[in-house]
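Engineer: Before anything else, here's the structure in question.
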Amino acid sequence: MAIPQHVAIILDGNGRWAKSKGMPRNYGHVRGAKNLEIICEDAYNMGIKYLTVYLFSTENWNRPSEEVASLMKLFRSYTKTCIKTAQKNNMKVRMLGDPSALDPDLQASMRSLQETSKNNTGLNFQIAINYGSRDEIVRAIRNLAQDCKDGKVMVSDITEDVFSDYLDTKGIPDPDLLIRTSGELRLSNYLMWQLAYTEFYFTDVPWPAFNKNELMKAIDKFNGRDRRFGGVKED
């Protein structure tokens, strides 16, 4: 079985899973964060080299203020825990998105997480927080336009590869497989440039209940796809 090099996941269904258990939404988010630690280890053991997850979107600020506050509290705890986990498991962590809207202490924790894990050689783990693909592309265009203005880049030299280097995912291969949990069938402003040739897998299983067996089901479906690029079947 071929293992995809890069898997991206939209972690959906935490709140609905909690509600089905008669618990508050935040309980689902806490269980979802714990499950993420498990799936990271499972993914690496399977041979996946890159795992990118959608933790908090630019649109999630529109959720009830109490839920946003609980999520930010959870993120603070998670980033601190992840520093220890990354060192223990030799995991390299990278943050995607615009951190400027986050509180300074959370930004500092995110920088520390990236800095302390940058030389690790195990799983490449990307966390998208305050991330939106449209926002990412606009930020990339602004930076590229400024470099053109400053004479660092010639307009005639702009290619897809050049533009990709201005995205948050610079140096990271595009995902081979996208998984979205909990039954939703949309991208929700996630990695739209990077997912141009990615295989999609949707499951009704909510994120807190998504386990190694469910990941294997997604990879099995991935292996059953007839992947073609420009009319030529991928070997």
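By order in the structure tokens, chains are A, B, ...; within a chain, residues start at 1; ligands start at 1, following the order shown.
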Check which residues of segment 167-213 of chain A sit at most 12 Å from segment 88-110 of chain A using only C-alpha atoms, and return one row each with the closest pair of atoms and their distance in Å to one decimal, ordered by chain and rising number, as a tab-separated table.

Structural biologist:
residue	atom	partner	partner_atom	distance
A:Leu167	CA	A:Leu96	CA	9.2
A:Asp168	CA	A:Leu96	CA	5.6
A:Thr169	CA	A:Leu96	CA	7.1
A:Lys170	CA	A:Leu96	CA	10.1
A:Gly171	CA	A:Arg94	CA	11.3
A:Ile172	CA	A:Arg94	CA	10.2
A:Asn189	CA	A:Gly97	CA	11.8
A:Tyr190	CA	A:Gly97	CA	10.5
A:Leu191	CA	A:Leu96	CA	10.1

Engineer: What would the file look like if the residues just selected were written as a compact mmCIF listing (two decimals), in the first residue's frame with C-alpha atoms?

Structural biologist:
# COMPACT_ATOMS: atom_id res chain seq x y z
CA LEU A 167 2.80 31.22 0.91
CA ASP A 168 2.81 30.03 4.52
CA THR A 169 3.67 26.55 3.26
CA LYS A 170 6.95 27.54 1.60
CA GLY A 171 9.20 24.48 1.30
CA ILE A 172 6.41 22.04 2.15
CA ASN A 189 -11.07 28.30 2.93
CA TYR A 190 -8.32 25.74 3.61
CA LEU A 191 -5.14 25.41 1.52

Engineer: Could you find all residues in segment 41-84 of chain A that DSSP calls strand (DSSP E or B) from the backbone, and write them as JSON, numbers by chain?

Structural biologist: {"A": [50, 51, 52, 53, 54, 55, 56, 57]}

Engineer: Save the residues we just selected, all heavy atoms, as a short mmCIF file (atom, residue, chain, number, x, y, z; two decimals), in the first residue's frame?

Structural biologist:
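Saved result, out_23.cif, follows:
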data_model
loop_
_atom_site.label_atom_id
_atom_site.label_comp_id
_atom_site.auth_asym_id
_atom_site.auth_seq_id
_atom_site.Cartn_x
_atom_site.Cartn_y
_atom_site.Cartn_z
N TYR A 50 4.45 14.38 6.32
CA TYR A 50 3.90 15.70 6.61
C TYR A 50 2.42 15.57 7.00
O TYR A 50 1.65 14.89 6.31
CB TYR A 50 3.99 16.62 5.37
CG TYR A 50 5.39 16.94 4.93
CD1 TYR A 50 6.11 16.07 4.11
CD2 TYR A 50 6.01 18.12 5.33
CE1 TYR A 50 7.40 16.35 3.70
CE2 TYR A 50 7.30 18.43 4.92
CZ TYR A 50 7.99 17.54 4.10
OH TYR A 50 9.26 17.84 3.69
N LEU A 51 2.06 16.21 8.08
CA LEU A 51 0.67 16.24 8.54
C LEU A 51 0.31 17.69 8.83
O LEU A 51 0.96 18.35 9.64
CB LEU A 51 0.49 15.39 9.80
CG LEU A 51 -0.93 15.31 10.36
CD1 LEU A 51 -1.84 14.55 9.39
CD2 LEU A 51 -0.94 14.64 11.73
N THR A 52 -0.72 18.19 8.15
CA THR A 52 -1.15 19.58 8.32
C THR A 52 -2.59 19.60 8.78
O THR A 52 -3.46 18.98 8.15
CB THR A 52 -1.01 20.36 6.99
OG1 THR A 52 0.34 20.28 6.54
CG2 THR A 52 -1.39 21.82 7.18
N VAL A 53 -2.86 20.31 9.87
CA VAL A 53 -4.21 20.31 10.43
C VAL A 53 -4.76 21.72 10.56
O VAL A 53 -4.02 22.68 10.82
CB VAL A 53 -4.25 19.60 11.81
CG1 VAL A 53 -3.83 18.14 11.68
CG2 VAL A 53 -3.37 20.31 12.83
N TYR A 54 -6.06 21.84 10.38
CA TYR A 54 -6.78 23.11 10.45
C TYR A 54 -7.34 23.26 11.85
O TYR A 54 -8.35 22.66 12.21
CB TYR A 54 -7.93 23.06 9.43
CG TYR A 54 -8.40 24.38 8.89
CD1 TYR A 54 -7.77 25.58 9.17
CD2 TYR A 54 -9.49 24.41 8.02
CE1 TYR A 54 -8.22 26.77 8.62
CE2 TYR A 54 -9.95 25.59 7.46
CZ TYR A 54 -9.31 26.78 7.77
OH TYR A 54 -9.76 27.94 7.22
N LEU A 55 -6.68 24.08 12.68
CA LEU A 55 -7.06 24.19 14.08
C LEU A 55 -8.04 25.33 14.33
O LEU A 55 -8.98 25.20 15.11
CB LEU A 55 -5.80 24.40 14.93
CG LEU A 55 -5.76 23.71 16.29
CD1 LEU A 55 -5.90 22.20 16.13
CD2 LEU A 55 -4.46 24.04 17.02
N PHE A 56 -7.82 26.47 13.66
CA PHE A 56 -8.68 27.63 13.88
C PHE A 56 -8.61 28.52 12.65
O PHE A 56 -7.52 28.94 12.25
CB PHE A 56 -8.20 28.41 15.12
CG PHE A 56 -9.13 29.49 15.58
CD1 PHE A 56 -10.20 29.21 16.41
CD2 PHE A 56 -8.92 30.81 15.19
CE1 PHE A 56 -11.06 30.22 16.85
CE2 PHE A 56 -9.76 31.82 15.61
CZ PHE A 56 -10.84 31.53 16.44
N SER A 57 -9.76 28.80 12.05
CA SER A 57 -9.77 29.57 10.81
C SER A 57 -9.98 31.06 11.09
O SER A 57 -10.39 31.47 12.19
CB SER A 57 -10.90 29.07 9.90
OG SER A 57 -12.16 29.51 10.36
#

Engineer: Find the residues around Val162 of chain A up to 12 Å (only C-alpha atoms counted), leave out those fewer than 4 positions away in its own chain, and share them as a list in words.

Structural biologist: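 Here the answer would be Ala140, Ile141, Asn143, Leu144, Asp147, Cys148, Val153, Met154, Val155, Ser156, Asp157, Ile158, Tyr166, Leu167, Lys170 and Gly171 of chain A.
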
Engineer: Return as a tab-separated table the residues of segment 115-223 of chain A lying at most 10 Å from segment 21-30 of chain A, together with the closest atom-to-atom pair for each and the distance in Å to one decimal, counting only C-alpha atoms, with rows in chain order and ascending residue number.

Structural biologist:
residue	atom	partner	partner_atom	distance
A:Pro206	CA	A:Gly28	CA	9.7
A:Trp207	CA	A:Gly28	CA	8.9
A:Pro208	CA	A:Gly28	CA	6.9

Engineer: Do you have, as CSV, the list of residues of segment 35-80 of chain A lying at most 12 Å from segment 113-118 of chain A, each with its nearest atom pair and that distance in Å to one decimal, counting only C-alpha atoms and ordered by chain then number?

Structural biologist:
residue,atom,partner,partner_atom,distance
A:Arg76,CA,A:Leu113,CA,11.2
A:Tyr78,CA,A:Leu113,CA,10.4
A:Thr79,CA,A:Leu113,CA,6.8
A:Lys80,CA,A:Leu113,CA,7.6

Engineer: Counting only C-alpha atoms, what is within 6 Å of segment 192-205 of chain A, bar same-chain residues fewer than 6 positions away, as a PyMOL selection string?

Structural biologist: chain A and resi 133+174-183
